[in-house]
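Next comes query.cif, with mmCIF, C-alpha atoms and all ligand atoms.
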data_coords
#
loop_
_atom_site.label_atom_id
_atom_site.label_comp_id
_atom_site.auth_asym_id
_atom_site.auth_seq_id
_atom_site.Cartn_x
_atom_site.Cartn_y
_atom_site.Cartn_z
CA MET A 277 0.00 0.00 0.00
CA ALA A 278 1.17 3.55 -0.78
CA GLU A 279 2.85 5.48 2.02
CA LYS A 280 0.28 7.72 3.64
CA ILE A 281 0.38 11.49 3.35
CA THR A 282 -0.92 13.94 5.96
CA LEU A 283 -2.49 17.24 4.98
CA SER A 284 -2.43 19.73 7.87
CA VAL A 285 -4.01 23.18 7.73
CA ILE A 286 -3.10 25.26 10.77
CA LYS A 287 -4.11 28.92 11.15
CA ALA A 288 -3.80 31.83 13.52
CA ASP A 289 -4.34 35.57 13.68
CA VAL A 290 -1.12 37.03 15.04
CA GLY A 291 -1.68 40.63 13.99
CA GLY A 292 -3.95 42.46 11.58
CA PHE A 293 -3.19 44.97 8.83
CA VAL A 294 -5.09 47.35 9.11
CA GLY A 295 -7.22 46.64 12.21
CA HIS A 296 -8.63 43.12 11.75
CA SER A 297 -8.89 43.29 7.94
CA SER A 298 -5.86 41.54 6.46
CA VAL A 299 -2.32 40.18 6.95
CA HIS A 300 0.74 42.31 6.17
CA PRO A 301 2.94 40.85 3.39
CA ALA A 302 5.94 40.88 5.75
CA LEU A 303 4.21 38.27 7.95
CA LEU A 304 3.36 36.07 4.97
CA ALA A 305 7.00 36.29 3.84
CA ARG A 306 8.21 35.35 7.34
CA ALA A 307 5.83 32.34 7.42
CA ALA A 308 6.94 31.27 3.92
CA SER A 309 10.57 31.31 4.98
CA CYS A 310 9.82 29.14 8.07
CA MET A 311 7.98 26.70 5.79
CA ALA A 312 10.83 26.66 3.25
CA GLN A 313 13.30 25.80 6.00
CA ALA A 314 11.07 22.94 7.22
CA LYS A 315 10.94 21.58 3.66
CA GLU A 316 14.71 21.80 3.40
CA ASN A 317 15.28 19.86 6.61
CA GLY A 318 12.79 17.18 5.52
CA LEU A 319 10.04 17.80 8.10
CA LEU A 320 7.57 18.90 5.42
CA VAL A 321 6.99 17.48 1.96
CA ASP A 322 5.44 20.76 0.81
CA ALA A 323 3.73 23.92 2.08
CA HIS A 324 1.64 26.82 0.89
CA VAL A 325 1.25 30.00 2.93
CA THR A 326 -1.87 32.08 2.43
CA HIS A 327 -4.41 34.19 4.29
CA VAL A 328 -8.08 35.03 4.62
CA GLY A 329 -8.76 38.35 6.29
CA ASP A 330 -6.46 38.69 9.30
CA ASP A 331 -5.64 34.96 9.58
CA ILE A 332 -2.44 33.33 8.35
CA ASN A 333 -3.10 29.83 7.00
CA LEU A 334 -0.32 27.24 6.74
CA VAL A 335 -1.23 24.45 4.31
CA MET A 336 1.31 21.66 4.89
CA THR A 337 1.93 18.10 3.68
CA HIS A 338 4.12 15.59 5.54
CA ARG A 339 4.46 11.91 6.45
CA ARG A 340 4.05 12.18 10.23
CA GLY A 341 0.30 11.67 10.76
CA VAL A 342 -2.21 13.96 12.47
CA ASP A 343 -1.56 15.61 15.85
CA ASP A 344 2.19 15.29 15.34
CA ASP A 345 4.31 17.18 17.91
CA SER A 346 6.94 18.41 15.49
CA ILE A 347 4.42 19.66 12.90
CA HIS A 348 2.44 21.47 15.59
CA LYS A 349 5.65 22.91 17.05
CA LEU A 350 6.71 24.10 13.60
CA SER A 351 3.36 25.90 13.24
CA TRP A 352 3.61 27.41 16.72
CA ASP A 353 7.20 28.59 16.10
CA THR A 354 6.13 30.03 12.74
CA PHE A 355 3.33 32.03 14.37
CA VAL A 356 5.72 33.19 17.14
CA SER A 357 8.16 34.36 14.47
CA CYS A 358 5.36 36.18 12.59
CA THR A 359 4.33 37.80 15.88
CA GLU A 360 7.83 39.30 16.24
CA GLU A 361 7.37 40.89 12.82
CA ALA A 362 3.84 42.05 13.79
CA ARG A 363 5.20 43.67 16.97
CA ARG A 364 7.94 45.43 15.00
CA LEU A 365 5.34 46.92 12.64
CA LYS A 366 2.93 47.55 15.55
CA LEU A 367 0.25 45.61 13.70
CA TYR A 368 -3.13 45.29 15.34
CA GLY A 369 -3.55 42.58 17.99
CA ALA A 370 0.00 41.21 17.58
CA GLY A 371 0.15 37.66 18.96
CA GLN A 372 -3.65 37.62 19.41
CA ASP A 373 -4.25 33.88 18.93
CA LEU A 374 -1.18 32.61 20.82
CA LEU A 375 -2.85 32.01 24.16
CA ALA A 376 0.04 30.26 25.92
CA ASP A 377 3.56 31.46 26.74
CA ALA A 378 5.23 28.28 25.57
CA PHE A 379 4.42 25.36 23.25
CA SER A 380 3.17 22.24 25.03
CA GLY A 381 3.08 19.41 22.47
CA ASN A 382 -0.04 20.23 20.42
CA VAL A 383 -1.37 23.59 19.23
CA LYS A 384 -4.97 22.49 19.89
CA GLY A 385 -6.21 24.38 22.91
CA MET A 386 -3.42 26.94 22.58
CA GLY A 387 -5.21 29.29 20.16
CA PRO A 388 -4.47 28.27 16.56
CA GLY A 389 -7.15 26.42 14.51
CA VAL A 390 -6.34 22.98 13.08
CA ALA A 391 -7.83 20.72 10.39
CA GLU A 392 -5.82 17.63 9.49
CA MET A 393 -6.30 14.33 7.68
CA GLU A 394 -4.10 11.36 6.79
CA PHE A 395 -4.79 9.19 3.74
CA ALA A 396 -3.24 7.12 0.99
CA GLU A 397 -2.94 9.43 -2.01
CA ARG A 398 -5.18 8.20 -4.84
CA THR A 399 -4.14 7.95 -8.51
CA SER A 400 -5.24 11.58 -8.68
CA GLU A 401 -6.00 13.48 -5.48
CA PRO A 402 -7.96 16.75 -5.81
CA VAL A 403 -8.52 18.54 -2.48
CA ILE A 404 -10.06 21.87 -1.54
CA VAL A 405 -8.96 23.87 1.48
CA PHE A 406 -11.62 26.28 2.73
CA MET A 407 -10.69 29.10 5.09
CA ALA A 408 -13.12 31.58 6.63
CA ASP A 409 -12.71 34.86 8.51
CA LYS A 410 -15.06 36.69 10.93
CA THR A 411 -17.04 33.58 11.80
CA SER A 412 -16.78 30.32 13.78
CA PRO A 413 -16.55 26.52 13.19
CA GLY A 414 -20.33 25.95 12.95
CA ALA A 415 -20.19 27.93 9.68
CA TRP A 416 -19.29 24.67 7.86
CA ASN A 417 -22.36 22.70 9.03
CA LEU A 418 -24.72 23.92 6.33
CA PRO A 419 -22.34 23.57 3.35
CA LEU A 420 -21.11 20.15 4.59
CA TYR A 421 -24.69 18.97 4.91
CA LYS A 422 -25.43 20.12 1.37
CA ILE A 423 -22.26 18.62 -0.12
CA PHE A 424 -22.51 15.20 1.53
CA ALA A 425 -26.23 14.73 2.20
CA ASP A 426 -28.40 16.89 -0.07
CA PRO A 427 -29.30 15.37 -3.45
CA PHE A 428 -30.47 18.78 -4.68
CA ASN A 429 -26.85 19.96 -4.28
CA THR A 430 -24.87 16.80 -5.03
CA ALA A 431 -26.07 14.92 -8.08
CA GLY A 432 -23.63 12.11 -7.30
CA LEU A 433 -25.71 11.07 -4.28
CA VAL A 434 -28.39 10.05 -6.76
CA ILE A 435 -26.56 9.02 -9.94
CA ASP A 436 -23.00 7.92 -9.00
CA PRO A 437 -23.01 4.30 -7.73
CA ARG A 438 -19.85 5.00 -5.63
CA VAL A 439 -21.43 8.01 -3.87
CA HIS A 440 -24.95 6.56 -3.59
CA ALA A 441 -24.23 4.65 -0.33
CA GLY A 442 -23.91 7.99 1.50
CA PHE A 443 -21.57 9.30 4.19
CA ARG A 444 -20.84 9.03 7.93
CA PHE A 445 -20.74 12.29 9.88
CA GLU A 446 -18.89 12.84 13.15
CA VAL A 447 -20.67 15.62 15.09
CA LEU A 448 -19.11 17.30 18.12
CA ASP A 449 -20.99 18.82 21.04
CA LEU A 450 -18.70 21.76 21.82
CA ARG A 451 -20.38 22.47 25.13
CA ASP A 452 -20.40 19.03 26.76
CA HIS A 453 -17.30 17.76 24.90
CA LYS A 454 -18.97 14.68 23.42
CA ARG A 455 -19.18 13.26 19.90
CA ILE A 456 -21.66 11.16 17.96
CA ILE A 457 -21.49 9.50 14.53
CA PHE A 458 -24.50 9.57 12.19
CA ASN A 459 -24.97 7.24 9.21
CA CYS A 460 -26.61 9.17 6.40
CA PRO A 461 -28.96 9.21 4.58
CA GLU A 462 -30.96 7.07 7.07
CA GLU A 463 -30.16 9.25 10.11
CA LEU A 464 -30.43 12.61 8.37
CA TYR A 465 -33.40 13.89 10.31
CA ASP A 466 -31.80 13.01 13.66
CA MET A 467 -28.55 14.68 12.61
CA LEU A 468 -30.31 17.88 11.51
CA VAL A 469 -31.79 18.29 15.00
CA PHE A 470 -28.22 18.95 16.17
CA ILE A 471 -26.26 20.47 13.26
CA GLY A 472 -29.01 23.06 12.75
CA ALA A 473 -27.63 24.59 15.99
CA PRO A 474 -24.10 25.39 14.76
CA GLY A 475 -23.14 27.41 17.85
CA ARG A 476 -23.04 24.18 19.84
CA TYR A 477 -22.80 21.23 17.41
CA CYS A 478 -20.17 21.06 14.67
CA ILE A 479 -19.44 18.50 11.98
CA ARG A 480 -15.76 17.54 12.42
CA THR A 481 -15.14 14.52 10.16
CA ILE A 482 -16.93 12.86 7.25
CA TRP A 483 -16.19 9.42 5.74
CA ALA A 484 -17.53 7.77 2.58
CA ARG A 485 -19.56 4.67 3.51
CA GLU A 486 -18.77 2.71 0.33
CA SER A 487 -14.97 2.98 0.57
CA GLY A 488 -14.42 4.09 4.18
CA MET A 489 -12.30 6.97 2.80
CA ILE A 490 -11.98 10.11 4.88
CA ALA A 491 -13.70 12.85 2.89
CA ALA A 492 -13.67 16.00 5.06
CA ALA A 493 -12.06 17.36 8.24
CA SER A 494 -12.76 20.70 9.88
CA SER A 495 -11.30 22.76 12.70
CA THR A 496 -13.54 22.84 15.74
CA GLN A 497 -11.50 24.84 18.24
CA ARG A 498 -13.38 27.67 19.89
CA LEU A 499 -11.08 30.27 21.40
CA SER A 500 -13.78 31.67 23.64
CA HIS A 501 -14.34 28.16 25.05
CA ILE A 502 -10.60 27.71 25.57
CA ALA A 503 -9.97 30.99 27.32
CA GLY A 504 -13.37 31.32 29.05
CA LYS A 505 -13.65 34.90 27.85
CA TYR A 506 -13.51 36.81 24.55
CA VAL A 507 -10.12 36.42 22.92
CA GLY A 508 -10.97 36.86 19.24
CA LYS A 509 -12.90 34.74 16.77
CA ASP A 510 -12.38 31.11 15.93
CA ASP A 511 -12.18 31.67 12.20
CA PRO A 512 -12.39 28.08 10.93
CA VAL A 513 -10.71 25.94 8.23
CA LEU A 514 -11.94 22.86 6.38
CA ILE A 515 -10.35 20.23 4.11
CA VAL A 516 -12.50 18.37 1.54
CA ARG A 517 -11.28 15.60 -0.81
CA CYS A 518 -13.08 15.45 -4.14
CA GLN A 519 -13.98 13.23 -7.14
CA SER A 520 -13.85 9.46 -7.87
CA GLY A 521 -16.35 8.20 -5.30
CA LEU A 522 -16.55 11.55 -3.46
CA PRO A 523 -18.49 14.70 -4.39
CA ALA A 524 -17.08 16.42 -7.49
CA VAL A 525 -15.20 19.73 -7.17
CA GLY A 526 -18.26 21.56 -8.51
CA GLU A 527 -20.56 19.80 -6.03
CA VAL A 528 -18.24 20.80 -3.19
CA LEU A 529 -18.24 24.46 -4.30
CA GLU A 530 -21.98 24.65 -5.06
CA PRO A 531 -23.31 25.46 -1.53
CA PHE A 532 -21.22 28.65 -1.50
CA SER A 533 -23.17 30.04 -4.46
CA ARG A 534 -25.92 30.98 -2.00
CA PRO A 535 -24.42 32.79 1.00
CA HIS A 536 -25.85 31.47 4.27
CA LEU A 537 -26.00 33.40 7.51
CA VAL A 538 -23.23 32.74 10.02
CA ALA A 539 -22.37 34.09 13.47
CA GLY A 540 -19.38 36.45 13.67
CA TRP A 541 -18.89 39.69 11.75
CA MET A 542 -18.43 42.85 13.82
CA ARG A 543 -17.05 42.07 17.29
CA GLY A 544 -17.99 38.41 16.79
CA SER A 545 -21.49 39.40 17.81
CA HIS A 546 -23.57 39.59 14.63
CA HIS A 547 -25.14 37.36 12.02
CA GLY A 548 -24.02 38.03 8.47
CA PRO A 549 -23.82 36.34 5.05
CA LEU A 550 -20.74 34.18 4.34
CA MET A 551 -19.34 35.85 1.21
CA PRO A 552 -17.20 33.67 -1.10
CA CYS A 553 -14.18 35.55 -2.45
CA SER A 554 -10.66 35.21 -3.86
CA VAL A 555 -7.58 35.44 -1.63
CA GLU A 556 -7.06 38.93 -3.06
CA GLY A 557 -10.67 39.85 -2.21
CA ALA A 558 -10.47 38.46 1.31
CA THR A 559 -10.17 41.74 3.17
CA PRO A 560 -13.23 42.19 5.40
CA SER A 561 -13.97 45.92 5.51
CA ARG A 562 -17.64 46.88 5.80
CA PHE A 563 -18.62 46.60 9.48
CA ASP A 564 -15.46 44.43 9.69
CA GLY A 565 -16.94 42.03 7.15
CA PRO A 566 -19.10 40.61 5.82
CA PRO A 567 -17.64 37.22 6.88
CA ARG A 568 -15.49 35.72 4.09
CA VAL A 569 -14.71 32.27 2.75
CA VAL A 570 -11.87 31.40 0.38
CA GLY A 571 -11.62 28.00 -1.38
CA LEU A 572 -8.22 26.89 -2.68
CA GLY A 573 -7.94 23.75 -4.80
CA PHE A 574 -4.80 21.59 -5.01
CA GLN A 575 -3.85 18.39 -6.78
CA LEU A 576 -1.54 16.34 -4.60
CA ALA A 577 1.36 14.65 -6.37
CA GLN A 578 3.46 12.49 -3.99
CA GLY A 579 2.51 15.03 -1.33
CA LYS A 580 3.44 18.07 -3.45
CA LEU A 581 0.77 20.75 -3.46
CA ILE A 582 0.08 21.43 -7.14
CA GLY A 583 -1.82 24.73 -7.13
CA PRO A 584 -3.60 26.59 -5.80
CA GLN A 585 -6.67 27.16 -7.90
CA ASP A 586 -8.44 30.14 -6.31
CA PHE A 587 -11.99 28.90 -6.98
CA PHE A 588 -14.11 31.79 -5.74
CA ALA A 589 -12.21 34.23 -8.01
CA ASP A 590 -14.43 32.77 -10.75
CA VAL A 591 -17.18 35.00 -12.21
CA ALA A 592 -19.66 32.21 -11.40
CA PHE A 593 -19.53 33.47 -7.78
CA ASP A 594 -20.17 37.15 -8.68
CA ARG A 595 -23.90 36.73 -8.05
CA ALA A 596 -23.21 35.16 -4.64
CA ARG A 597 -21.13 38.21 -3.71
CA GLN A 598 -23.89 40.51 -4.93
CA LEU A 599 -26.49 38.63 -2.90
CA ALA A 600 -24.22 38.74 0.16
CA ASN A 601 -23.98 42.53 -0.25
CA GLU A 602 -27.76 42.84 -0.50
CA VAL A 603 -28.26 40.65 2.59
CA ALA A 604 -25.63 42.77 4.37
CA ASP A 605 -27.57 45.97 3.51
CA TYR A 606 -30.76 44.47 4.85
CA LEU A 607 -29.27 43.10 8.06
CA ARG A 608 -27.28 46.25 8.81
CA SER A 609 -30.52 48.25 8.79
CA MET A 610 -31.45 46.39 11.99
CA GLY A 611 -28.50 47.88 13.86
CA PRO A 612 -28.33 46.58 17.45
CA PHE A 613 -31.47 44.41 17.18
CA GLU A 614 -31.60 40.62 17.02
CA PRO A 615 -31.43 38.59 14.86
CA HIS A 616 -28.74 40.79 13.22
CA ARG A 617 -27.07 41.09 16.60
CA LEU A 618 -26.55 37.69 18.25
CA PRO A 619 -28.61 36.64 21.29
CA LEU A 620 -27.19 37.96 24.57
CA GLU A 621 -25.51 34.70 25.58
CA ASP A 622 -23.70 34.26 22.23
CA MET A 623 -22.17 37.70 21.86
CA GLU A 624 -18.41 37.87 22.14
CA TYR A 625 -18.48 41.43 23.42
CA THR A 626 -21.03 42.44 25.99
CA THR A 627 -21.76 45.24 28.43
CA LEU A 628 -24.68 43.29 29.88
CA PRO A 629 -23.21 42.41 33.33
CA GLU A 630 -21.97 45.96 33.90
CA VAL A 631 -25.19 47.69 32.76
CA THR A 632 -27.35 45.16 34.66
CA LYS A 633 -25.35 45.80 37.84
CA ARG A 634 -25.60 49.57 37.48
CA LEU A 635 -29.36 49.47 36.90
CA ALA A 636 -30.13 46.66 39.37
CA GLY A 637 -31.77 48.98 41.89
CA ARG A 638 -34.10 50.44 39.25
CA PHE A 639 -35.77 47.16 38.25
CA GLU A 640 -39.08 46.93 40.12
CA ASP A 641 -41.26 43.85 40.57
CA VAL A 642 -44.24 43.71 38.24
CA LYS A 643 -47.47 42.17 39.52
C1 LIG B 1 -14.36 40.21 14.78
C2 LIG B 1 -13.21 41.12 14.79
C3 LIG B 1 -13.46 42.57 14.80
C4 LIG B 1 -13.17 43.17 16.17
C5 LIG B 1 -13.48 44.68 16.19
C6 LIG B 1 -13.14 45.33 17.52
O1 LIG B 1 -13.94 38.90 14.74
O2 LIG B 1 -12.08 40.71 14.81
O3 LIG B 1 -14.75 42.89 14.37
O4 LIG B 1 -13.93 42.51 17.15
O5 LIG B 1 -12.74 45.35 15.20
O6 LIG B 1 -11.83 45.04 17.83
P1 LIG B 1 -11.07 45.58 19.12
O7 LIG B 1 -11.87 45.14 20.32
O8 LIG B 1 -9.75 44.92 19.03
O9 LIG B 1 -11.03 47.07 19.01
MG MG B 2 -7.71 39.98 14.30
MG MG B 3 -9.72 36.47 11.77
#
Before anything else, please render the file you have as structure tokens.
Amino acid sequence: MAEKITLSVIKADVGGFVGHSSVHPALLARAASCMAQAKENGLLVDAHVTHVGDDINLVMTHRRGVDDDSIHKLSWDTFVSCTEEARRLKLYGAGQDLLADAFSGNVKGMGPGVAEMEFAERTSEPVIVFMADKTSPGAWNLPLYKIFADPFNTAGLVIDPRVHAGFRFEVLDLRDHKRIIFNCPEELYDMLVFIGAPGRYCIRTIWARESGMIAAASSTQRLSHIAGKYVGKDDPVLIVRCQSGLPAVGEVLEPFSRPHLVAGWMRGSHHGPLMPCSVEGATPSRFDGPPRVVGLGFQLAQGKLIGPQDFFADVAFDRARQLANEVADYLRSMGPFEPHRLPLEDMEYTTLPEVTKRLAGRFEDVK
């Protein structure tokens, strides 16, 4: 059997340029040089450094499996090095997502977001890496449901014998730290009870039932859950393998043609449309948004990352961007009212305890 390859996507916001809108080229250059060194010394097979909004994304291939100490340490050290550069340029929120003083074996729980999968590279191995800014991990629930469970999105579920058997979904309960696996299509209705609440339940892994192949892996870290208070958003990443018994590239991209509402946007406290855009267009501006998603395609060749193909640069997604702008206009007109603003308990910034305390004496009992 072919030697397995691991695809690791690890991301962090270690300083924004300007505000929380983008990453300064000097940080991307610093990250690229760390990656080049790791390729030279044999730790990595290949790497691609990119960004969405204010998050640096390291797309790495290697032969060390998921949750590997040295790959996680390399990512941590890369973000620490980028932070030095961010401090020098006085970029905004330098070191924001590095929650610990020192690396402790795995970046999970330390701030950065991680999506990883290990597999035997197929004869041809197309993968798409999705990266979002100004939102949180539950943002992938709706598109993953459409890609792997909705026959109106994915024709292959109906007409491709290798896809017809359906998929297994691993769903995480982020509050009680539990997981459950659903076999779809027969358990679709049960699964939707949970994944329709993306603030608490997130799809982490998907496998094809026919072949057992891993098909998708997402990041599910929530910084606010890690730190117990607001420390920035948990802008998520997602890896999806495509074709030959899995959804086609176009089926994987299709859900993003209709921007869905996600939690995040300004101060991590508002609902907004997830706007698909190119890497170049991934600079959230209006009201610090709207939330963005970038989709980069690669062909793997003995672990080499052939690409990327910047899918949402395509004119076919112009209408999605236009719709996202219209939805943004509409929602913004609601100002501080729900459901544009998140419910009190989900907001990442709040003055509620302080205002409640100050006004406590003025609340009178009502008969
Ligand atoms: C949301 C985000 C921004 C900031 C906002 C205020 O994820 O990053 O919307 O929350 O710009 O930032 P501070 O509190 O740093 O002034
Ligand atoms: Mg930021
Ligand atoms: Mg961000």
Record the distance separating atom CA of A:Phe395 and atom CA of A:Val342, expressed in Å with one decimal.
10.3 Å
Skip A:Gly369 itself and residues of its chain fewer than 2 positions away, then list as a PyMOL selection string all residues within 10 Å of it, counting all atoms listed in the file.
chain A and resi 289-293+295-296+330+359+362-363+366-367+371-373+508
Can you list, as JSON, numbers by chain, every protein, DNA or RNA residue that comes within 10 Å of stretch 374-386 of chain A when you count all atoms listed in the file, leaving out same-chain residues fewer than 2 positions away?
{"A": [286, 288, 289, 290, 343, 344, 345, 346, 347, 348, 349, 350, 351, 352, 353, 355, 356, 359, 370, 371, 372, 388, 389, 390, 495, 496, 497, 498, 499, 501, 502, 503, 507]}
Excluding A:Arg480 and any residue of its chain fewer than 5 positions from it, enumerate the residues within 6 Å of it, using only C-alpha atoms, and give them as a list in words.
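Contacts, in chain order: Glu446, Val447, Ala493 and Ser494 of chain A.
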Keeping C-alpha atoms, export the residues of the selection given above as a short mmCIF file (atom, residue, chain, number, x, y, z; two decimals), keeping the file's coordinate frame.
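What follows is the written file again30.cif:
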data_model
loop_
_atom_site.label_atom_id
_atom_site.label_comp_id
_atom_site.auth_asym_id
_atom_site.auth_seq_id
_atom_site.Cartn_x
_atom_site.Cartn_y
_atom_site.Cartn_z
CA GLU A 446 -18.89 12.84 13.15
CA VAL A 447 -20.67 15.62 15.09
CA ALA A 493 -12.06 17.36 8.24
CA SER A 494 -12.76 20.70 9.88
#
Neighbouring residues of A:Phe532 were defined as those with any atom within 10 Å, considering only C-alpha atoms; residues of the same chain fewer than 4 positions away were excluded. Please report them as an mmCIF file with C-alpha atoms, in the coordinates of the input.
data_model
loop_
_atom_site.group_PDB
_atom_site.id
_atom_site.type_symbol
_atom_site.label_atom_id
_atom_site.label_comp_id
_atom_site.auth_asym_id
_atom_site.auth_seq_id
_atom_site.Cartn_x
_atom_site.Cartn_y
_atom_site.Cartn_z
ATOM 1 C CA LEU A 418 -24.720 23.920 6.330
ATOM 2 C CA PRO A 419 -22.340 23.570 3.350
ATOM 3 C CA LYS A 422 -25.430 20.120 1.370
ATOM 4 C CA GLU A 527 -20.560 19.800 -6.030
ATOM 5 C CA VAL A 528 -18.240 20.800 -3.190
ATOM 6 C CA HIS A 536 -25.850 31.470 4.270
ATOM 7 C CA LEU A 550 -20.740 34.180 4.340
ATOM 8 C CA MET A 551 -19.340 35.850 1.210
ATOM 9 C CA PRO A 552 -17.200 33.670 -1.100
ATOM 10 C CA CYS A 553 -14.180 35.550 -2.450
ATOM 11 C CA VAL A 569 -14.710 32.270 2.750
ATOM 12 C CA VAL A 570 -11.870 31.400 0.380
ATOM 13 C CA GLY A 571 -11.620 28.000 -1.380
ATOM 14 C CA PHE A 588 -14.110 31.790 -5.740
ATOM 15 C CA PHE A 593 -19.530 33.470 -7.780
ATOM 16 C CA ALA A 596 -23.210 35.160 -4.640
ATOM 17 C CA ARG A 597 -21.130 38.210 -3.710
#
Could you tell me, counting only C-alpha atoms and all ligand atoms, which protein and nucleic acid residues lie no more than 9 Å from ligand MG 3 (chain B), written as a PyMOL selection string?
chain A and resi 288-289+292+296-298+328-332+408-411+508-512
Separating atom CA of A:Tyr625 from atom C2 of ligand LIG 1 (chain B), to the nearest tenth of an Å, is a gap of 10.1 Å
Can you tell me how far atom CA of A:Ser554 sits from atom O1 of ligand LIG 1 (chain B), in Å to one decimal?
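According to the coordinates, atom CA of A:Ser554 and atom O1 of ligand LIG 1 (chain B) are separated by 19.2 Å.
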Export stretch 436-442 of chain A, all heavy atoms, as a PDB file, in the first residue's frame; it's the structure right above.
ATOM      1  N   ASP A 436     -24.321   8.560  -8.965  1.00  0.00           N
ATOM      2  CA  ASP A 436     -23.004   7.917  -9.003  1.00  0.00           C
ATOM      3  C   ASP A 436     -23.028   6.716  -8.054  1.00  0.00           C
ATOM      4  O   ASP A 436     -23.166   6.888  -6.838  1.00  0.00           O
ATOM      5  CB  ASP A 436     -21.920   8.927  -8.572  1.00  0.00           C
ATOM      6  CG  ASP A 436     -20.513   8.328  -8.625  1.00  0.00           C
ATOM      7  OD1 ASP A 436     -20.379   7.079  -8.603  1.00  0.00           O
ATOM      8  OD2 ASP A 436     -19.548   9.107  -8.676  1.00  0.00           O
ATOM      9  N   PRO A 437     -22.908   5.495  -8.579  1.00  0.00           N
ATOM     10  CA  PRO A 437     -23.005   4.301  -7.725  1.00  0.00           C
ATOM     11  C   PRO A 437     -22.016   4.319  -6.556  1.00  0.00           C
ATOM     12  O   PRO A 437     -22.293   3.758  -5.504  1.00  0.00           O
ATOM     13  CB  PRO A 437     -22.676   3.149  -8.681  1.00  0.00           C
ATOM     14  CG  PRO A 437     -22.798   3.702 -10.054  1.00  0.00           C
ATOM     15  CD  PRO A 437     -22.635   5.189  -9.985  1.00  0.00           C
ATOM     16  N   ARG A 438     -20.846   4.994  -6.706  1.00  0.00           N
ATOM     17  CA  ARG A 438     -19.848   4.996  -5.626  1.00  0.00           C
ATOM     18  C   ARG A 438     -20.189   5.997  -4.531  1.00  0.00           C
ATOM     19  O   ARG A 438     -19.647   5.966  -3.441  1.00  0.00           O
ATOM     20  CB  ARG A 438     -18.458   5.311  -6.198  1.00  0.00           C
ATOM     21  CG  ARG A 438     -17.928   4.249  -7.143  1.00  0.00           C
ATOM     22  CD  ARG A 438     -16.752   4.762  -7.948  1.00  0.00           C
ATOM     23  NE  ARG A 438     -17.106   5.971  -8.703  1.00  0.00           N
ATOM     24  CZ  ARG A 438     -16.258   6.687  -9.424  1.00  0.00           C
ATOM     25  NH1 ARG A 438     -14.992   6.343  -9.472  1.00  0.00           N
ATOM     26  NH2 ARG A 438     -16.669   7.767 -10.083  1.00  0.00           N
ATOM     27  N   VAL A 439     -21.058   6.964  -4.849  1.00  0.00           N
ATOM     28  CA  VAL A 439     -21.425   8.012  -3.875  1.00  0.00           C
ATOM     29  C   VAL A 439     -22.779   7.672  -3.237  1.00  0.00           C
ATOM     30  O   VAL A 439     -23.091   8.103  -2.126  1.00  0.00           O
ATOM     31  CB  VAL A 439     -21.470   9.392  -4.583  1.00  0.00           C
ATOM     32  CG1 VAL A 439     -21.809  10.507  -3.612  1.00  0.00           C
ATOM     33  CG2 VAL A 439     -20.123   9.700  -5.257  1.00  0.00           C
ATOM     34  N   HIS A 440     -23.555   6.852  -3.946  1.00  0.00           N
ATOM     35  CA  HIS A 440     -24.947   6.560  -3.588  1.00  0.00           C
ATOM     36  C   HIS A 440     -25.125   5.989  -2.173  1.00  0.00           C
ATOM     37  O   HIS A 440     -26.164   6.183  -1.541  1.00  0.00           O
ATOM     38  CB  HIS A 440     -25.501   5.574  -4.626  1.00  0.00           C
ATOM     39  CG  HIS A 440     -26.983   5.458  -4.649  1.00  0.00           C
ATOM     40  ND1 HIS A 440     -27.803   6.477  -5.072  1.00  0.00           N
ATOM     41  CD2 HIS A 440     -27.796   4.438  -4.284  1.00  0.00           C
ATOM     42  CE1 HIS A 440     -29.059   6.084  -4.982  1.00  0.00           C
ATOM     43  NE2 HIS A 440     -29.091   4.863  -4.497  1.00  0.00           N
ATOM     44  N   ALA A 441     -24.113   5.278  -1.657  1.00  0.00           N
ATOM     45  CA  ALA A 441     -24.229   4.652  -0.327  1.00  0.00           C
ATOM     46  C   ALA A 441     -24.262   5.697   0.781  1.00  0.00           C
ATOM     47  O   ALA A 441     -24.649   5.405   1.910  1.00  0.00           O
ATOM     48  CB  ALA A 441     -23.071   3.687  -0.103  1.00  0.00           C
ATOM     49  N   GLY A 442     -23.827   6.919   0.515  1.00  0.00           N
ATOM     50  CA  GLY A 442     -23.906   7.990   1.501  1.00  0.00           C
ATOM     51  C   GLY A 442     -22.641   8.142   2.329  1.00  0.00           C
ATOM     52  O   GLY A 442     -21.588   7.569   2.001  1.00  0.00           O
TER      53      GLY A 442
END
